[in-house]
Structures are given as structure tokens and as C-alpha cells.
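Undergrad: Pasting coords.pdb below, which is PDB, C-alpha atoms and all ligand atoms.
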ATOM      1  CA  MET A   1     -35.183 -36.977  30.001  1.00  0.00           C
ATOM      2  CA  SER A   2     -38.009 -35.001  28.440  1.00  0.00           C
ATOM      3  CA  SER A   3     -38.192 -35.171  24.647  1.00  0.00           C
ATOM      4  CA  ALA A   4     -39.433 -31.540  24.620  1.00  0.00           C
ATOM      5  CA  GLY A   5     -36.108 -30.321  26.020  1.00  0.00           C
ATOM      6  CA  PRO A   6     -33.351 -28.829  23.887  1.00  0.00           C
ATOM      7  CA  PRO A   7     -31.733 -31.198  21.362  1.00  0.00           C
ATOM      8  CA  GLU A   8     -28.390 -32.716  22.239  1.00  0.00           C
ATOM      9  CA  ILE A   9     -25.046 -31.983  20.670  1.00  0.00           C
ATOM     10  CA  SER A  10     -21.647 -32.859  22.063  1.00  0.00           C
ATOM     11  CA  SER A  11     -19.198 -30.209  23.193  1.00  0.00           C
ATOM     12  CA  GLN A  12     -16.545 -32.122  21.323  1.00  0.00           C
ATOM     13  CA  LEU A  13     -18.329 -31.598  18.006  1.00  0.00           C
ATOM     14  CA  LEU A  14     -19.142 -27.931  18.708  1.00  0.00           C
ATOM     15  CA  CYS A  15     -15.530 -27.340  19.730  1.00  0.00           C
ATOM     16  CA  LYS A  16     -14.295 -28.960  16.533  1.00  0.00           C
ATOM     17  CA  LEU A  17     -16.723 -26.919  14.418  1.00  0.00           C
ATOM     18  CA  HIS A  18     -15.618 -23.770  16.216  1.00  0.00           C
ATOM     19  CA  ARG A  19     -11.944 -24.489  15.599  1.00  0.00           C
ATOM     20  CA  ILE A  20     -12.588 -25.137  11.896  1.00  0.00           C
ATOM     21  CA  HIS A  21     -14.610 -21.923  11.559  1.00  0.00           C
ATOM     22  CA  GLN A  22     -11.865 -19.964  13.312  1.00  0.00           C
ATOM     23  CA  GLN A  23      -9.306 -21.415  10.886  1.00  0.00           C
ATOM     24  CA  ARG A  24     -11.575 -20.487   7.995  1.00  0.00           C
ATOM     25  CA  SER A  25     -11.991 -16.870   9.113  1.00  0.00           C
ATOM     26  CA  ASP A  26      -8.287 -16.563   9.810  1.00  0.00           C
ATOM     27  CA  LEU A  27      -7.492 -17.844   6.298  1.00  0.00           C
ATOM     28  CA  GLU A  28     -10.146 -15.623   4.751  1.00  0.00           C
ATOM     29  CA  GLY A  29      -8.666 -12.640   6.610  1.00  0.00           C
ATOM     30  CA  GLN A  30      -5.212 -13.507   5.294  1.00  0.00           C
ATOM     31  CA  ALA A  31      -6.618 -13.844   1.767  1.00  0.00           C
ATOM     32  CA  ARG A  32      -8.298 -10.440   2.032  1.00  0.00           C
ATOM     33  CA  ARG A  33      -5.070  -8.780   3.161  1.00  0.00           C
ATOM     34  CA  CYS A  34      -3.022 -10.040   0.174  1.00  0.00           C
ATOM     35  CA  PRO A  35      -4.377  -7.570  -2.426  1.00  0.00           C
ATOM     36  CA  MET A  36      -3.885  -4.720   0.087  1.00  0.00           C
ATOM     37  CA  GLN A  37      -0.280  -5.776   0.631  1.00  0.00           C
ATOM     38  CA  ILE A  38       0.233  -5.788  -3.157  1.00  0.00           C
ATOM     39  CA  LYS A  39      -1.196  -2.258  -3.346  1.00  0.00           C
ATOM     40  CA  VAL A  40       1.242  -1.066  -0.675  1.00  0.00           C
ATOM     41  CA  VAL A  41       4.321  -2.339  -2.540  1.00  0.00           C
ATOM     42  CA  GLU A  42       2.981  -0.925  -5.800  1.00  0.00           C
ATOM     43  CA  ALA A  43       2.437   2.451  -4.130  1.00  0.00           C
ATOM     44  CA  SER A  44       6.103   2.691  -3.158  1.00  0.00           C
ATOM     45  CA  VAL A  45       7.086   2.126  -6.809  1.00  0.00           C
ATOM     46  CA  ASP A  46       4.560   4.781  -7.879  1.00  0.00           C
ATOM     47  CA  ALA A  47       6.083   7.226  -5.392  1.00  0.00           C
ATOM     48  CA  ALA A  48       9.617   6.578  -6.684  1.00  0.00           C
ATOM     49  CA  GLN A  49       8.381   6.946 -10.280  1.00  0.00           C
ATOM     50  CA  ALA A  50       6.639  10.236  -9.424  1.00  0.00           C
ATOM     51  CA  GLU A  51       9.836  11.561  -7.865  1.00  0.00           C
ATOM     52  CA  LEU A  52      11.784  10.643 -11.019  1.00  0.00           C
ATOM     53  CA  ASP A  53       9.165  12.238 -13.293  1.00  0.00           C
ATOM     54  CA  GLU A  54       9.299  15.423 -11.266  1.00  0.00           C
ATOM     55  CA  GLU A  55      13.087  15.613 -11.423  1.00  0.00           C
ATOM     56  CA  LEU A  56      13.032  14.967 -15.189  1.00  0.00           C
ATOM     57  CA  ALA A  57      10.532  17.803 -15.598  1.00  0.00           C
ATOM     58  CA  VAL A  58      12.772  20.163 -13.592  1.00  0.00           C
ATOM     59  CA  LEU A  59      15.768  19.093 -15.705  1.00  0.00           C
ATOM     60  CA  LYS A  60      13.890  19.759 -18.936  1.00  0.00           C
ATOM     61  CA  LYS A  61      12.793  23.193 -17.731  1.00  0.00           C
ATOM     62  CA  THR A  62      16.313  24.084 -16.599  1.00  0.00           C
ATOM     63  CA  ARG A  63      17.784  22.979 -19.949  1.00  0.00           C
ATOM     64  CA  MET A  64      15.232  25.117 -21.773  1.00  0.00           C
ATOM     65  CA  LEU A  65      16.206  28.081 -19.629  1.00  0.00           C
ATOM     66  CA  SER A  66      19.869  27.439 -20.414  1.00  0.00           C
ATOM     67  CA  ASP A  67      19.136  27.300 -24.177  1.00  0.00           C
ATOM     68  CA  GLU A  68      17.154  30.499 -23.935  1.00  0.00           C
ATOM     69  CA  LYS A  69      19.971  32.310 -22.103  1.00  0.00           C
ATOM     70  CA  HIS A  70      22.520  31.052 -24.653  1.00  0.00           C
ATOM     71  CA  LEU A  71      20.408  32.332 -27.496  1.00  0.00           C
ATOM     72  CA  GLN A  72      20.072  35.762 -25.863  1.00  0.00           C
ATOM     73  CA  LEU A  73      23.837  35.833 -25.330  1.00  0.00           C
ATOM     74  CA  GLN A  74      24.534  34.967 -28.967  1.00  0.00           C
ATOM     75  CA  THR A  75      22.099  37.608 -30.181  1.00  0.00           C
ATOM     76  CA  ARG A  76      23.693  40.254 -28.021  1.00  0.00           C
ATOM     77  CA  GLU A  77      27.207  39.167 -29.079  1.00  0.00           C
ATOM     78  CA  ALA A  78      26.160  39.550 -32.725  1.00  0.00           C
ATOM     79  CA  HIS A  79      24.807  42.956 -31.839  1.00  0.00           C
ATOM     80  CA  VAL A  80      28.155  43.955 -30.275  1.00  0.00           C
ATOM     81  CA  LEU A  81      29.974  42.875 -33.483  1.00  0.00           C
ATOM     82  CA  ASP A  82      27.563  44.978 -35.499  1.00  0.00           C
ATOM     83  CA  LEU A  83      28.090  48.002 -33.217  1.00  0.00           C
ATOM     84  CA  ASN A  84      31.865  47.623 -33.507  1.00  0.00           C
ATOM     85  CA  ARG A  85      31.614  47.675 -37.313  1.00  0.00           C
ATOM     86  CA  ARG A  86      29.475  50.804 -37.161  1.00  0.00           C
ATOM     87  CA  LEU A  87      32.052  52.346 -34.810  1.00  0.00           C
ATOM     88  CA  ASN A  88      34.570  52.377 -37.685  1.00  0.00           C
ATOM     89  CA  GLU A  89      32.050  54.146 -39.907  1.00  0.00           C
ATOM     90  CA  ALA A  90      30.954  56.702 -37.281  1.00  0.00           C
ATOM     91  CA  ALA A  91      30.272  60.056 -38.895  1.00  0.00           C
ATOM     92  CA  SER A  92      30.715  62.175 -35.757  1.00  0.00           C
ATOM     93  CA  ASN A  93      32.294  62.108 -32.330  1.00  0.00           C
ATOM     94  CA  LYS A  94      28.838  62.168 -30.810  1.00  0.00           C
ATOM     95  CA  GLU A  95      27.781  59.041 -32.742  1.00  0.00           C
ATOM     96  CA  PHE A  96      31.085  57.368 -31.867  1.00  0.00           C
ATOM     97  CA  ALA A  97      30.588  58.074 -28.152  1.00  0.00           C
ATOM     98  CA  LEU A  98      26.997  56.803 -28.291  1.00  0.00           C
ATOM     99  CA  LEU A  99      28.061  53.558 -29.981  1.00  0.00           C
ATOM    100  CA  LYS A 100      30.841  53.130 -27.394  1.00  0.00           C
ATOM    101  CA  GLU A 101      28.271  53.496 -24.622  1.00  0.00           C
ATOM    102  CA  GLN A 102      25.961  50.907 -26.219  1.00  0.00           C
ATOM    103  CA  ILE A 103      28.835  48.470 -26.685  1.00  0.00           C
ATOM    104  CA  ALA A 104      29.869  48.846 -23.043  1.00  0.00           C
ATOM    105  CA  ALA A 105      26.282  48.286 -21.876  1.00  0.00           C
ATOM    106  CA  ASP A 106      25.896  45.140 -24.036  1.00  0.00           C
ATOM    107  CA  GLU A 107      29.222  43.741 -22.887  1.00  0.00           C
ATOM    108  CA  GLN A 108      28.258  44.320 -19.274  1.00  0.00           C
ATOM    109  CA  ALA A 109      24.924  42.560 -19.861  1.00  0.00           C
ATOM    110  CA  ASN A 110      26.748  39.654 -21.523  1.00  0.00           C
ATOM    111  CA  SER A 111      29.111  39.295 -18.605  1.00  0.00           C
ATOM    112  CA  VAL A 112      26.150  39.051 -16.201  1.00  0.00           C
ATOM    113  CA  GLN A 113      24.467  36.616 -18.572  1.00  0.00           C
ATOM    114  CA  ASN A 114      27.607  34.428 -18.690  1.00  0.00           C
ATOM    115  CA  ASP A 115      27.567  34.161 -14.903  1.00  0.00           C
ATOM    116  CA  GLU A 116      23.897  33.216 -14.996  1.00  0.00           C
ATOM    117  CA  ILE A 117      24.536  30.556 -17.640  1.00  0.00           C
ATOM    118  CA  PHE A 118      27.375  29.160 -15.557  1.00  0.00           C
ATOM    119  CA  GLU A 119      25.066  28.864 -12.545  1.00  0.00           C
ATOM    120  CA  ILE A 120      22.358  27.189 -14.633  1.00  0.00           C
ATOM    121  CA  LEU A 121      24.882  24.667 -15.993  1.00  0.00           C
ATOM    122  CA  GLU A 122      25.971  23.872 -12.443  1.00  0.00           C
ATOM    123  CA  ARG A 123      22.337  23.366 -11.496  1.00  0.00           C
ATOM    124  CA  ILE A 124      21.892  20.969 -14.452  1.00  0.00           C
ATOM    125  CA  ASP A 125      24.946  19.002 -13.295  1.00  0.00           C
ATOM    126  CA  SER A 126      23.570  18.625  -9.793  1.00  0.00           C
ATOM    127  CA  ILE A 127      20.102  17.621 -11.057  1.00  0.00           C
ATOM    128  CA  GLU A 128      21.707  15.011 -13.329  1.00  0.00           C
ATOM    129  CA  SER A 129      23.768  13.502 -10.546  1.00  0.00           C
ATOM    130  CA  HIS A 130      20.718  13.376  -8.268  1.00  0.00           C
ATOM    131  CA  LEU A 131      18.766  11.746 -11.097  1.00  0.00           C
ATOM    132  CA  LYS A 132      21.165   8.803 -10.946  1.00  0.00           C
ATOM    133  CA  GLU A 133      20.227   8.275  -7.293  1.00  0.00           C
ATOM    134  CA  THR A 134      16.533   8.605  -8.047  1.00  0.00           C
ATOM    135  CA  ARG A 135      16.769   6.095 -10.912  1.00  0.00           C
ATOM    136  CA  ALA A 136      18.612   3.667  -8.626  1.00  0.00           C
ATOM    137  CA  LYS A 137      15.926   4.119  -5.962  1.00  0.00           C
ATOM    138  CA  LEU A 138      13.194   3.378  -8.515  1.00  0.00           C
ATOM    139  CA  ALA A 139      15.012   0.251  -9.731  1.00  0.00           C
ATOM    140  CA  GLU A 140      15.378  -0.887  -6.129  1.00  0.00           C
ATOM    141  CA  ALA A 141      11.687  -0.291  -5.404  1.00  0.00           C
ATOM    142  CA  GLU A 142      10.732  -2.228  -8.552  1.00  0.00           C
ATOM    143  CA  ALA A 143      12.949  -5.170  -7.623  1.00  0.00           C
ATOM    144  CA  GLU A 144      11.531  -5.177  -4.102  1.00  0.00           C
ATOM    145  CA  ARG A 145       7.976  -5.007  -5.473  1.00  0.00           C
ATOM    146  CA  ASP A 146       8.579  -7.956  -7.831  1.00  0.00           C
ATOM    147  CA  GLN A 147      10.010 -10.027  -5.010  1.00  0.00           C
ATOM    148  CA  ARG A 148       7.237  -9.106  -2.562  1.00  0.00           C
ATOM    149  CA  ILE A 149       4.491  -9.761  -5.104  1.00  0.00           C
ATOM    150  CA  ALA A 150       5.991 -13.184  -5.878  1.00  0.00           C
ATOM    151  CA  GLU A 151       5.980 -13.943  -2.139  1.00  0.00           C
ATOM    152  CA  ILE A 152       2.401 -12.737  -1.720  1.00  0.00           C
ATOM    153  CA  GLN A 153       1.212 -14.778  -4.711  1.00  0.00           C
ATOM    154  CA  GLU A 154       2.932 -17.829  -3.262  1.00  0.00           C
ATOM    155  CA  ARG A 155       1.108 -17.207   0.010  1.00  0.00           C
ATOM    156  CA  GLN A 156      -2.204 -16.733  -1.820  1.00  0.00           C
ATOM    157  CA  LYS A 157      -1.788 -20.187  -3.382  1.00  0.00           C
ATOM    158  CA  LYS A 158      -1.047 -21.731   0.015  1.00  0.00           C
ATOM    159  CA  ILE A 159      -4.037 -19.964   1.618  1.00  0.00           C
ATOM    160  CA  ALA A 160      -6.322 -21.238  -1.161  1.00  0.00           C
ATOM    161  CA  MET A 161      -5.075 -24.781  -0.626  1.00  0.00           C
ATOM    162  CA  ASP A 162      -5.497 -24.510   3.152  1.00  0.00           C
ATOM    163  CA  LEU A 163      -9.025 -23.182   2.664  1.00  0.00           C
ATOM    164  CA  GLU A 164      -9.898 -26.148   0.476  1.00  0.00           C
ATOM    165  CA  ARG A 165      -8.557 -28.530   3.097  1.00  0.00           C
ATOM    166  CA  VAL A 166     -10.455 -26.760   5.903  1.00  0.00           C
ATOM    167  CA  ASP A 167     -13.652 -26.785   3.842  1.00  0.00           C
ATOM    168  CA  VAL A 168     -13.399 -30.556   3.450  1.00  0.00           C
ATOM    169  CA  GLN A 169     -12.943 -30.925   7.238  1.00  0.00           C
ATOM    170  CA  LEU A 170     -15.905 -28.633   7.809  1.00  0.00           C
ATOM    171  CA  GLU A 171     -18.157 -30.577   5.485  1.00  0.00           C
ATOM    172  CA  GLU A 172     -17.223 -33.813   7.257  1.00  0.00           C
ATOM    173  CA  ALA A 173     -17.823 -32.366  10.719  1.00  0.00           C
ATOM    174  CA  GLU A 174     -21.136 -30.812   9.706  1.00  0.00           C
ATOM    175  CA  THR A 175     -22.541 -34.203   8.692  1.00  0.00           C
ATOM    176  CA  LEU A 176     -22.334 -35.115  12.400  1.00  0.00           C
ATOM    177  CA  ILE A 177     -24.640 -32.263  13.469  1.00  0.00           C
ATOM    178  CA  PRO A 178     -28.037 -33.636  14.589  1.00  0.00           C
ATOM    179  CA  VAL A 179     -30.722 -32.830  12.029  1.00  0.00           C
ATOM    180  CA  ALA A 180     -32.786 -30.917  14.600  1.00  0.00           C
ATOM    181  CA  ILE A 181     -29.967 -28.414  15.025  1.00  0.00           C
ATOM    182  CA  ARG A 182     -28.706 -28.014  11.462  1.00  0.00           C
ATOM    183  CA  ALA A 183     -31.002 -25.187  10.361  1.00  0.00           C
ATOM    184  CA  ASP A 184     -30.240 -23.091  13.461  1.00  0.00           C
ATOM    185  CA  TYR A 185     -26.553 -23.799  13.127  1.00  0.00           C
ATOM    186  CA  LYS A 186     -26.497 -22.808   9.433  1.00  0.00           C
ATOM    187  CA  ARG A 187     -28.414 -19.613  10.119  1.00  0.00           C
ATOM    188  CA  LEU A 188     -26.132 -18.574  12.991  1.00  0.00           C
ATOM    189  CA  ILE A 189     -22.947 -19.397  11.075  1.00  0.00           C
ATOM    190  CA  SER A 190     -23.994 -17.487   7.996  1.00  0.00           C
ATOM    191  CA  ALA A 191     -24.904 -14.473  10.132  1.00  0.00           C
ATOM    192  CA  ARG A 192     -21.918 -14.456  12.490  1.00  0.00           C
ATOM    193  CA  GLY A 193     -19.218 -16.782  11.183  1.00  0.00           C
ATOM    194  CA  ASP A 194     -16.949 -18.195  13.885  1.00  0.00           C
ATOM    195  CA  GLU A 195     -18.636 -15.984  16.513  1.00  0.00           C
ATOM    196  CA  ALA A 196     -21.698 -18.227  16.298  1.00  0.00           C
ATOM    197  CA  LEU A 197     -19.921 -20.618  18.666  1.00  0.00           C
ATOM    198  CA  ALA A 198     -18.267 -19.952  22.031  1.00  0.00           C
ATOM    199  CA  PRO A 199     -16.599 -22.015  24.766  1.00  0.00           C
ATOM    200  CA  VAL A 200     -17.590 -21.754  28.410  1.00  0.00           C
ATOM    201  CA  GLU A 201     -14.565 -20.189  30.107  1.00  0.00           C
ATOM    202  CA  ASP A 202     -14.515 -19.787  33.911  1.00  0.00           C
ATOM    203  CA  ASP A 203     -18.342 -19.909  33.915  1.00  0.00           C
ATOM    204  CA  SER A 204     -18.430 -17.054  31.408  1.00  0.00           C
ATOM    205  CA  CYS A 205     -19.212 -17.019  27.698  1.00  0.00           C
ATOM    206  CA  GLY A 206     -15.871 -17.097  25.816  1.00  0.00           C
ATOM    207  CA  GLY A 207     -17.428 -14.965  23.091  1.00  0.00           C
ATOM    208  CA  CYS A 208     -18.888 -12.019  25.026  1.00  0.00           C
ATOM    209  CA  TYR A 209     -17.494 -12.634  28.567  1.00  0.00           C
ATOM    210  CA  GLN A 210     -20.952 -12.499  30.121  1.00  0.00           C
ATOM    211  CA  THR A 211     -21.088 -14.547  33.349  1.00  0.00           C
ATOM    212  CA  LEU A 212     -23.309 -17.603  32.849  1.00  0.00           C
ATOM    213  CA  THR A 213     -25.737 -18.982  35.416  1.00  0.00           C
ATOM    214  CA  THR A 214     -25.135 -22.406  36.927  1.00  0.00           C
ATOM    215  CA  GLN A 215     -28.257 -23.573  35.138  1.00  0.00           C
ATOM    216  CA  VAL A 216     -26.876 -22.583  31.742  1.00  0.00           C
ATOM    217  CA  VAL A 217     -23.507 -24.200  32.460  1.00  0.00           C
ATOM    218  CA  SER A 218     -25.271 -27.392  33.667  1.00  0.00           C
ATOM    219  CA  LEU A 219     -27.221 -27.628  30.417  1.00  0.00           C
ATOM    220  CA  VAL A 220     -23.968 -27.314  28.435  1.00  0.00           C
ATOM    221  CA  MET A 221     -22.476 -30.046  30.643  1.00  0.00           C
ATOM    222  CA  LEU A 222     -25.417 -32.270  29.771  1.00  0.00           C
ATOM    223  CA  SER A 223     -24.661 -31.737  26.048  1.00  0.00           C
ATOM    224  CA  LYS A 224     -27.945 -29.863  25.612  1.00  0.00           C
ATOM    225  CA  LEU A 225     -27.900 -27.263  22.844  1.00  0.00           C
ATOM    226  CA  THR A 226     -27.518 -24.028  24.846  1.00  0.00           C
ATOM    227  CA  TYR A 227     -27.245 -20.456  23.651  1.00  0.00           C
ATOM    228  CA  CYS A 228     -25.456 -17.673  25.521  1.00  0.00           C
ATOM    229  CA  PRO A 229     -28.303 -15.518  26.932  1.00  0.00           C
ATOM    230  CA  ASN A 230     -26.317 -12.417  26.018  1.00  0.00           C
ATOM    231  CA  CYS A 231     -24.689 -12.955  22.583  1.00  0.00           C
ATOM    232  CA  ASN A 232     -26.705 -15.979  21.497  1.00  0.00           C
ATOM    233  CA  ALA A 233     -23.630 -18.077  20.615  1.00  0.00           C
ATOM    234  CA  MET A 234     -23.932 -21.862  20.789  1.00  0.00           C
ATOM    235  CA  LEU A 235     -22.021 -22.798  23.947  1.00  0.00           C
ATOM    236  CA  TYR A 236     -19.699 -25.770  24.454  1.00  0.00           C
ATOM    237  CA  LEU A 237     -17.262 -26.971  27.112  1.00  0.00           C
ATOM    238  CA  PRO A 238     -13.593 -26.704  26.223  1.00  0.00           C
ATOM    239  CA  GLU A 239     -11.588 -29.916  26.298  1.00  0.00           C
ATOM    240  CA  ASP A 240     -10.180 -29.420  29.817  1.00  0.00           C
ATOM    241  CA  ARG A 241     -13.678 -29.134  31.316  1.00  0.00           C
ATOM    242  CA  ARG A 242     -15.173 -32.172  29.726  1.00  0.00           C
ATOM    243  CA  VAL A 243     -15.696 -35.272  31.860  1.00  0.00           C
TER     244      VAL A 243
HETATM  245 ZN    ZN B 301     -21.955 -14.726  24.888  1.00  0.00          ZN
END
Write the structure described by the file as C-alpha cells, please.
Ligand SMILES: [Zn+2]

TA:
Amino acid sequence: MSSAGPPEISSQLLCKLHRIHQQRSDLEGQARRCPMQIKVVEASVDAAQAELDEELAVLKKTRMLSDEKHLQLQTREAHVLDLNRRLNEAASNKEFALLKEQIAADEQANSVQNDEIFEILERIDSIESHLKETRAKLAEAEAERDQRIAEIQERQKKIAMDLERVDVQLEEAETLIPVAIRADYKRLISARGDEALAPVEDDSCGGCYQTLTTQVVSLVMLSKLTYCPNCNAMLYLPEDRRV
């Protein structure tokens, strides 16, 4: 065997390194998703809170309208009392008739106003009963959020522990990489993560599915460091193809 040929590395080691890197990226992916999952559960609480705030604002506005209408009613009722007093002191039939007309108009307006106030009070009742539902929905969303966040935090702890364990395995496995290959391996891994390695599957690269020549596959079988001509991954034979 020529010493100028590619350095040797066993498929077994490359396969092991690949598996560890895949576990690492899977765990890192899970870790990255946790804060997003927390945001989603927090968003549903925010939505329920916004709905409650909006209903409270409508309630406040409706109550103000009711107060305003009541005040108008009271003012006009006081006016009617005043007109009635002046009726007794009317100096002429003409003045009497005019006052009568004004009183009738005010009383008519008050009757309309009373109906309006009644409607507004009914509206307030319905807003208040719906508010109970909205408050219950918010409480439910908050309870769900607290539970989900506790679950996610539990998972984050487990992921961190798994990552530590995987990192120890990786460090151990990497000590077995021949010195001549280490720099290339490090460079490829830091650029492409677990895609830096690929199994030979049905004479194709398991990373990019490019068909490999017999020559390339033979080199892999001889445990020679071989890169996929297409995606440049370090190739290895999966367990079932090793002799
Ligand atoms: Zn490839």
C-alpha cells in the first residue's frame, strides 16, 4: 500500500462519530425550539388578556353612557317640575298653553330616554355576564401556560443533560481519529455539522443521494478516507455492509 494514498479511518469510527453528531444536532434543535414553544403559550395568554381588556373598555364606555343618559334625564325631570310650578303662576292662557306644550315635549323626550337607558342597562348586563366567561378563559390560559412552561423547562434540563453526555461520548470518539485526518474532520464538522459525514447507501451517498463510482465505494471499503465527489461528505460503510 502506497504511503502517499489517502489516510485510513475505519467505517466503524466514522459511523459512530456520525451518530453522535446527529444526536447532538437533534438535541440542539430541540433546545432551540423550547423558547419558541414558550412564546406560543405566552401568546395565547396575551390574546385572552387583550380580549378581557377590550371587553372592560367597552363596559366602562357603556357605563359612562348610562351615567350621562341618567344625568340628562334628571335634568329634564327637574325642568318639568319647574315648568309645572310656573304653570300655576301663568299670567295668561297663551303662556299656560305654551308651558303645557313644553311639558308634554319634555315628558315625551324623557319617555324615549327611559327606553334608551333600559336598553343600555341590558347591554351592561350582557357585557358583565360575558366578562365572566372571558375571565374564566384567561384563568384557564394562564393555568395551561404555567403547566406547559414547567414541562418545557423540565425538558430543557433533560436536553442539557443529554447534550453533556453526548459531548463526553464525542470527545472520547474524537481521540480515536488519526492525527492526519483531525484538521480536515474539524473543519468539515464546524462548517456542516452532522452533514459532514454520510453512509454509503445502495452505492449512493446517504447525504446527497449522488450515485458513487465503484472506485469510490472500493476506497471506502478499504477504510481509506474518501469524500463524496458531489457533497464532499466523509463517506463510511453502514454496519450491514461491513465485512
Ligand atoms: Zn454526497

Undergrad: With all atoms listed in the file counted, which protein, DNA or RNA residues have an atom no more than 10 Å from (2.9, -13.7, -0.5) in the file frame? Please answer as a ChimeraX atom specification.

TA: /A:30-31,34-35,37-38,147-159

Undergrad: If the limit is 12 Å from any atom of ligand ZN 301 (chain B), counting only C-alpha atoms and all ligand atoms, which residues qualify? Return them as a PyMOL selection string.

TA: chain A and resi 195-201+203-213+216+226-236

Undergrad: Which residues, named as in the file, does the PyMOL selection byres (((chain A and resi 21) around 12) and not hetatm) pick out? Answer as a ChimeraX atom specification.

TA: /A:14-20,22-28,163,166-171,173-174,189-190,192-198

Undergrad: Include C-alpha atoms and write out the residues we just selected as a JSON list (two decimals), in the coordinates of the input.

TA:
[["chain", "number", "residue", "atom", "x", "y", "z"],
["A", 14, "LEU", "CA", -19.14, -27.93, 18.71],
["A", 15, "CYS", "CA", -15.53, -27.34, 19.73],
["A", 16, "LYS", "CA", -14.30, -28.96, 16.53],
["A", 17, "LEU", "CA", -16.72, -26.92, 14.42],
["A", 18, "HIS", "CA", -15.62, -23.77, 16.22],
["A", 19, "ARG", "CA", -11.94, -24.49, 15.60],
["A", 20, "ILE", "CA", -12.59, -25.14, 11.90],
["A", 22, "GLN", "CA", -11.86, -19.96, 13.31],
["A", 23, "GLN", "CA", -9.31, -21.42, 10.89],
["A", 24, "ARG", "CA", -11.58, -20.49, 8.00],
["A", 25, "SER", "CA", -11.99, -16.87, 9.11],
["A", 26, "ASP", "CA", -8.29, -16.56, 9.81],
["A", 27, "LEU", "CA", -7.49, -17.84, 6.30],
["A", 28, "GLU", "CA", -10.15, -15.62, 4.75],
["A", 163, "LEU", "CA", -9.02, -23.18, 2.66],
["A", 166, "VAL", "CA", -10.46, -26.76, 5.90],
["A", 167, "ASP", "CA", -13.65, -26.78, 3.84],
["A", 168, "VAL", "CA", -13.40, -30.56, 3.45],
["A", 169, "GLN", "CA", -12.94, -30.92, 7.24],
["A", 170, "LEU", "CA", -15.90, -28.63, 7.81],
["A", 171, "GLU", "CA", -18.16, -30.58, 5.48],
["A", 173, "ALA", "CA", -17.82, -32.37, 10.72],
["A", 174, "GLU", "CA", -21.14, -30.81, 9.71],
["A", 189, "ILE", "CA", -22.95, -19.40, 11.08],
["A", 190, "SER", "CA", -23.99, -17.49, 8.00],
["A", 192, "ARG", "CA", -21.92, -14.46, 12.49],
["A", 193, "GLY", "CA", -19.22, -16.78, 11.18],
["A", 194, "ASP", "CA", -16.95, -18.20, 13.88],
["A", 195, "GLU", "CA", -18.64, -15.98, 16.51],
["A", 196, "ALA", "CA", -21.70, -18.23, 16.30],
["A", 197, "LEU", "CA", -19.92, -20.62, 18.67],
["A", 198, "ALA", "CA", -18.27, -19.95, 22.03]]

Undergrad: In Å to one decimal, how far is atom CA of A:Leu52 from atom CA of A:Leu65?

TA: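 Going from atom CA of A:Leu65 over to atom CA of A:Leu52 covers 19.9 Å.
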
Undergrad: Assuming the chain letters and numbering stay as they are in my file, what does the PyMOL selection byres (((chain A and resi 44) around 12) and not hetatm) actually select? List them as an MDAnalysis selection string.

TA: chainID A and resid 37:43 45:51 137:146 148

Undergrad: Could you jot down the atom CA of A:Lys100 to atom CA of A:Leu87 separation for me, Å, one decimal place?

TA: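 Atom CA of A:Lys100 sits 7.6 Å away from atom CA of A:Leu87.
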
Undergrad: All heavy atoms are needed for stretch 137-141 of chain A; please write them out as a PDB file, in the frame of the given file.

TA:
ATOM      1  N   LYS A 137      16.968   4.348  -6.968  1.00  0.00           N
ATOM      2  CA  LYS A 137      15.926   4.119  -5.962  1.00  0.00           C
ATOM      3  C   LYS A 137      14.693   3.471  -6.591  1.00  0.00           C
ATOM      4  O   LYS A 137      14.101   2.557  -6.019  1.00  0.00           O
ATOM      5  CB  LYS A 137      15.524   5.460  -5.329  1.00  0.00           C
ATOM      6  CG  LYS A 137      15.726   5.492  -3.841  1.00  0.00           C
ATOM      7  CD  LYS A 137      15.775   6.887  -3.263  1.00  0.00           C
ATOM      8  CE  LYS A 137      14.473   7.653  -3.347  1.00  0.00           C
ATOM      9  NZ  LYS A 137      14.597   9.032  -2.798  1.00  0.00           N
ATOM     10  N   LEU A 138      14.347   3.948  -7.797  1.00  0.00           N
ATOM     11  CA  LEU A 138      13.194   3.378  -8.515  1.00  0.00           C
ATOM     12  C   LEU A 138      13.458   1.911  -8.851  1.00  0.00           C
ATOM     13  O   LEU A 138      12.603   1.049  -8.640  1.00  0.00           O
ATOM     14  CB  LEU A 138      12.901   4.189  -9.782  1.00  0.00           C
ATOM     15  CG  LEU A 138      11.809   3.637 -10.694  1.00  0.00           C
ATOM     16  CD1 LEU A 138      10.462   3.590  -9.979  1.00  0.00           C
ATOM     17  CD2 LEU A 138      11.687   4.478 -11.973  1.00  0.00           C
ATOM     18  N   ALA A 139      14.668   1.634  -9.362  1.00  0.00           N
ATOM     19  CA  ALA A 139      15.012   0.251  -9.731  1.00  0.00           C
ATOM     20  C   ALA A 139      14.941  -0.656  -8.502  1.00  0.00           C
ATOM     21  O   ALA A 139      14.449  -1.793  -8.575  1.00  0.00           O
ATOM     22  CB  ALA A 139      16.409   0.209 -10.347  1.00  0.00           C
ATOM     23  N   GLU A 140      15.395  -0.121  -7.377  1.00  0.00           N
ATOM     24  CA  GLU A 140      15.378  -0.887  -6.129  1.00  0.00           C
ATOM     25  C   GLU A 140      13.936  -1.171  -5.700  1.00  0.00           C
ATOM     26  O   GLU A 140      13.604  -2.298  -5.323  1.00  0.00           O
ATOM     27  CB  GLU A 140      16.082  -0.066  -5.059  1.00  0.00           C
ATOM     28  CG  GLU A 140      16.643  -0.868  -3.907  1.00  0.00           C
ATOM     29  CD  GLU A 140      17.315   0.052  -2.886  1.00  0.00           C
ATOM     30  OE1 GLU A 140      18.254   0.780  -3.284  1.00  0.00           O
ATOM     31  OE2 GLU A 140      16.883   0.065  -1.727  1.00  0.00           O
ATOM     32  N   ALA A 141      13.101  -0.132  -5.779  1.00  0.00           N
ATOM     33  CA  ALA A 141      11.687  -0.291  -5.404  1.00  0.00           C
ATOM     34  C   ALA A 141      10.996  -1.295  -6.317  1.00  0.00           C
ATOM     35  O   ALA A 141      10.177  -2.100  -5.866  1.00  0.00           O
ATOM     36  CB  ALA A 141      10.975   1.061  -5.455  1.00  0.00           C
TER      37      ALA A 141
END
